Amino acid sequence: MAKQSDSQHGSELVEKGRGASVKRVLVTGGGGYIGAVLVRQLLDQGYAVRVLDALYWGKKPLADVLDRIELIQGDIRDVEDSWIAGVDGVVHLAGLSNDPTAEYDPQANWEMNALGTERVAMVAKRVGVRRFTFGSSCSVYDGLPNGQVYTEEAPVNPKGAYAEGKLYAEARLRELADDNFSPVILRQATVYGFSPRMRYDLVVNTFVKDAMQAGKLQIHGDGLIRRPLVDVADVAQAHIACLEAPEDAVRGETFNVVQKNYQVKELAQLAAGALKTESYEVDLRFVPAPPRVRDYECSNDKLTSVVGYTPQRTVPMAIAYMISWIRSNGYMAFDNPRFYNIRWMELLKEQGRVPAMPAQTVAQARL
Ligand SMILES: NC(=O)c1ccc[n+]([C@@H]2O[C@H](COP(=O)([O-])OP(=O)(O)OC[C@H]3O[C@@H](n4cnc5c(N)ncnc54)[C@H](O)[C@@H]3O)[C@@H](O)[C@H]2O)c1
């Protein structure tokens with residue numbers, strides 16, 4: 001995919017930034033669910049922002065900030081030095097972002113999430129960017145016995161394509177860490193909350209959608225499995241906190257980003273209470289669980305003690321905020337495939353918009 005600079009201002013805008021203490025940040029995947037929130041938080045906090053994104057969901061998630069950012073429409077698998085040069089930090093979020101899309105196209109997943117991450121980091125290091133954060137996933141804990149709260153030291157050995165790709169990328173980033181390059185790995189819990197690039201395929205957001213659309217909440221299986229969760233704005237802030245943390249404290253380190261671990265049944269009851277406060281009565285229904293259901297808990301303690309950042313936004317807070325935004329901003333076409341990554345990916349593939357790269361190109365991509 002060719003580079004296409006969309007900004008009128010380009011690097012000029014980046015230079016203006018915050019004046020004397022300019023901080024320039026490139027967000028890969030900045031048009032996505034987490035990225036669209038992060039970009040606004042960075043702008044609000046005075047950073048100059050460049051976005052690199054294939055724009056699988058179009059420009060709409062960034063519509064109201066397009067004149068304040070530099071936008072490069074491009075594929076991380078083709079990343080060029082000039083796309084990254086000139087920033088002080090990279091937040092790398094681009095790629096396939098859940099199990100179903102990775103299983104649907106394991107080759108694209110490997111090219112983007114494993115090799116693509118490695119390539120973005122190598123280019124960043126080569127062009128002199130010192131700070132780098134990576135949106136990995138707590139799904140790397142998948143397969144460990146339940147009943148324990150896992151730390152970053154846990155002996156992970158996940159089996160799915162998505163988690164395997166994340167783990168490969170994590171290992172390459174740690175190898176690249178040195179005095180000139182400080183990559184930080186953030187193992188993000190399952191995210192909830194409103195984003196201008198809304199997803200209804202994440203458990204809390206699905207509860208809200210089901211309640212608003214059909215007055216019911218579906219609990220998969222017996223509801224006893226446990227999952228770590230975190231608000232989208234807190235994930236975004238965790239990346240910013242790691243970009244700002246002393247390099248010696250975070251270089252090559254891995255941090256979980258978790259607000260709380262929830263049993264799914266408890267989560268559904270909490271969501272039902274929050275929805276009732278917003279005038280949505282719901283029936284709780286148990287339905288058969290899909291074949292692969294993750295069940296694990298993990299801890300945010302290291303992020304709190306080393307970086308000083310603890311996610312604060314709870315599920316009820318996020319639900320109230322989400323409902324007001326969904327109602328007032330036209331996110332109620334709940335069946336639109338654009339709100340579900342796997343359904344959107346299937347459509348993009350049909351249109352040939354998620355091309356797999358020839359093997360030779362992948363090899364070259366490793367530099
Ligand atoms: N949302 C979650 O619950 C969650 C949890 C843990 C980890 N993560 C990780 O966080 C990151 C962001 O997740 P999200 O929920 O915002 O996902 P998302 O799918 O909404 O956003 C991903 C963005 O990356 C872009 N993109 C995809 N492939 C690309 C490529 N090859 N080149 C350039 N751009 C590309 C897409 O256009 C999209 O804008 C992902 O890496 C995901 O694996 C997400």
# chains A, B, ... in the order shown; residues from 1 in each chain; ligands from 1

call {"tool": "residues_near_ligand", "arguments": {"ligand": "ligand 1", "cutoff": "6 Å", "atoms": "only C-alpha atoms and all ligand atoms", "output": "JSON, numbers by chain"}}
result
{"A": [29, 30, 31, 32, 33, 34, 35, 53, 54, 55, 56, 57, 74, 75, 76, 77, 93, 94, 95, 96, 97, 98, 112, 135, 136, 137, 188, 189, 190, 191]}

call {"tool": "residues_around", "arguments": {"residues": "A:Arg199", "least_positions_apart": "6", "cutoff": "12 Å", "atoms": "only C-alpha atoms", "output": "PyMOL selection string"}}
result
chain A and resi 32-34+36+57+61+97-98+190-193+205-209+232+322+326+331-344

call {"tool": "write_last_selection", "arguments": {"atoms": "N, CA and C atoms", "output": "mmCIF file, in the first residue's frame"}}
result
data_model
loop_
_atom_site.group_PDB
_atom_site.id
_atom_site.type_symbol
_atom_site.label_atom_id
_atom_site.label_comp_id
_atom_site.auth_asym_id
_atom_site.auth_seq_id
_atom_site.Cartn_x
_atom_site.Cartn_y
_atom_site.Cartn_z
ATOM 1 N N GLY A 32 -7.682 3.147 15.047
ATOM 2 C CA GLY A 32 -8.407 2.013 15.626
ATOM 3 C C GLY A 32 -9.078 2.351 16.940
ATOM 4 N N TYR A 33 -9.617 1.335 17.584
ATOM 5 C CA TYR A 33 -10.411 1.493 18.821
ATOM 6 C C TYR A 33 -9.604 2.184 19.928
ATOM 7 N N ILE A 34 -8.437 1.645 20.236
ATOM 8 C CA ILE A 34 -7.611 2.270 21.279
ATOM 9 C C ILE A 34 -6.932 3.526 20.720
ATOM 10 N N ALA A 36 -7.753 5.702 18.419
ATOM 11 C CA ALA A 36 -8.565 6.917 18.246
ATOM 12 C C ALA A 36 -8.743 7.652 19.579
ATOM 13 N N TRP A 57 -10.825 1.029 8.949
ATOM 14 C CA TRP A 57 -12.132 1.581 9.329
ATOM 15 C C TRP A 57 -12.312 2.996 8.795
ATOM 16 N N PRO A 61 -13.118 7.723 12.276
ATOM 17 C CA PRO A 61 -12.780 7.782 13.711
ATOM 18 C C PRO A 61 -11.874 8.955 14.071
ATOM 19 N N SER A 97 -6.370 -7.510 15.781
ATOM 20 C CA SER A 97 -6.482 -7.191 17.197
ATOM 21 C C SER A 97 -7.364 -8.142 18.004
ATOM 22 N N ASN A 98 -7.583 -9.329 17.512
ATOM 23 C CA ASN A 98 -8.230 -10.326 18.382
ATOM 24 C C ASN A 98 -8.009 -11.743 17.837
ATOM 25 N N THR A 190 -8.441 -7.180 28.390
ATOM 26 C CA THR A 190 -9.545 -6.921 27.455
ATOM 27 C C THR A 190 -10.106 -5.530 27.761
ATOM 28 N N VAL A 191 -10.275 -4.755 26.704
ATOM 29 C CA VAL A 191 -10.584 -3.332 26.881
ATOM 30 C C VAL A 191 -12.093 -3.108 26.803
ATOM 31 N N TYR A 192 -12.575 -2.093 27.533
ATOM 32 C CA TYR A 192 -13.975 -1.671 27.437
ATOM 33 C C TYR A 192 -14.035 -0.154 27.331
ATOM 34 N N GLY A 193 -15.203 0.331 26.925
ATOM 35 C CA GLY A 193 -15.402 1.776 26.915
ATOM 36 C C GLY A 193 -15.659 2.324 25.521
ATOM 37 N N ASN A 205 -18.584 -4.056 26.174
ATOM 38 C CA ASN A 205 -19.269 -3.314 25.109
ATOM 39 C C ASN A 205 -20.393 -4.165 24.506
ATOM 40 N N THR A 206 -20.167 -5.479 24.432
ATOM 41 C CA THR A 206 -21.212 -6.379 23.938
ATOM 42 C C THR A 206 -22.403 -6.365 24.886
ATOM 43 N N PHE A 207 -22.130 -6.383 26.201
ATOM 44 C CA PHE A 207 -23.226 -6.313 27.176
ATOM 45 C C PHE A 207 -24.058 -5.049 26.952
ATOM 46 N N VAL A 208 -23.392 -3.936 26.767
ATOM 47 C CA VAL A 208 -24.099 -2.666 26.586
ATOM 48 C C VAL A 208 -24.934 -2.709 25.307
ATOM 49 N N LYS A 209 -24.311 -3.204 24.240
ATOM 50 C CA LYS A 209 -25.032 -3.303 22.961
ATOM 51 C C LYS A 209 -26.261 -4.219 23.106
ATOM 52 N N VAL A 232 -10.590 1.818 28.012
ATOM 53 C CA VAL A 232 -9.793 2.236 26.853
ATOM 54 C C VAL A 232 -8.991 3.516 27.137
ATOM 55 N N MET A 322 -20.303 5.313 28.045
ATOM 56 C CA MET A 322 -20.555 4.699 26.740
ATOM 57 C C MET A 322 -21.979 4.969 26.267
ATOM 58 N N ILE A 326 -23.041 6.701 22.860
ATOM 59 C CA ILE A 326 -23.716 5.888 21.835
ATOM 60 C C ILE A 326 -25.022 6.567 21.427
ATOM 61 N N TYR A 331 -24.102 5.819 17.260
ATOM 62 C CA TYR A 331 -23.428 4.513 17.202
ATOM 63 C C TYR A 331 -24.426 3.381 17.449
ATOM 64 N N MET A 332 -25.695 3.601 17.053
ATOM 65 C CA MET A 332 -26.737 2.640 17.399
ATOM 66 C C MET A 332 -27.113 1.710 16.256
ATOM 67 N N ALA A 333 -26.389 1.749 15.153
ATOM 68 C CA ALA A 333 -26.617 0.759 14.072
ATOM 69 C C ALA A 333 -25.882 -0.513 14.483
ATOM 70 N N PHE A 334 -26.394 -1.150 15.555
ATOM 71 C CA PHE A 334 -25.625 -2.188 16.238
ATOM 72 C C PHE A 334 -25.247 -3.362 15.351
ATOM 73 N N ASP A 335 -26.007 -3.600 14.281
ATOM 74 C CA ASP A 335 -25.705 -4.759 13.427
ATOM 75 C C ASP A 335 -24.721 -4.435 12.313
ATOM 76 N N ASN A 336 -24.269 -3.197 12.235
ATOM 77 C CA ASN A 336 -23.313 -2.841 11.193
ATOM 78 C C ASN A 336 -22.003 -3.613 11.407
ATOM 79 N N PRO A 337 -21.527 -4.323 10.364
ATOM 80 C CA PRO A 337 -20.314 -5.146 10.546
ATOM 81 C C PRO A 337 -19.092 -4.355 10.974
ATOM 82 N N ARG A 338 -19.091 -3.047 10.767
ATOM 83 C CA ARG A 338 -17.889 -2.274 11.114
ATOM 84 C C ARG A 338 -17.616 -2.277 12.628
ATOM 85 N N PHE A 339 -18.603 -2.676 13.433
ATOM 86 C CA PHE A 339 -18.396 -2.700 14.885
ATOM 87 C C PHE A 339 -17.846 -4.039 15.386
ATOM 88 N N TYR A 340 -17.606 -4.962 14.435
ATOM 89 C CA TYR A 340 -17.175 -6.318 14.814
ATOM 90 C C TYR A 340 -15.965 -6.679 13.955
ATOM 91 N N ASN A 341 -14.807 -6.824 14.561
ATOM 92 C CA ASN A 341 -13.579 -6.960 13.769
ATOM 93 C C ASN A 341 -13.610 -8.127 12.801
ATOM 94 N N ILE A 342 -14.128 -9.282 13.237
ATOM 95 C CA ILE A 342 -14.068 -10.444 12.340
ATOM 96 C C ILE A 342 -15.011 -10.246 11.151
ATOM 97 N N ARG A 343 -16.164 -9.677 11.395
ATOM 98 C CA ARG A 343 -17.098 -9.469 10.273
ATOM 99 C C ARG A 343 -16.534 -8.444 9.283
ATOM 100 N N TRP A 344 -15.899 -7.413 9.797
ATOM 101 C CA TRP A 344 -15.315 -6.380 8.930
ATOM 102 C C TRP A 344 -14.138 -6.956 8.148
#

call {"tool": "select_by_dssp", "arguments": {"residues": "stretch 85-237 of chain A", "states": "strand (DSSP E)", "output": "VMD selection string"}}
result
chain A and resid 89 to 92 131 to 137 149 to 150 182 to 188 190 to 192 216 to 220 226 to 231

call {"tool": "closest_residue", "arguments": {"among": "A:Leu176, A:Val203, A:Val149, A:Ala121", "to": "A:Leu26", "atoms": "only C-alpha atoms"}}
result
A:Ala121

call {"tool": "residues_around", "arguments": {"residues": "A:Glu278", "least_positions_apart": "2", "cutoff": "9 Å", "atoms": "only C-alpha atoms", "output": "PyMOL selection string"}}
result
chain A and resi 273-276+280-281+319-320+323

call {"tool": "closest_residue", "arguments": {"among": "A:Val27, A:Leu173, A:Ala48, A:Val354", "to": "A:Gly252", "atoms": "only C-alpha atoms"}}
result
A:Leu173

call {"tool": "atom_distance", "arguments": {"atom1": "atom CA of A:Arg327", "atom2": "atom CA of A:Tyr200"}}
result
14.4 Å
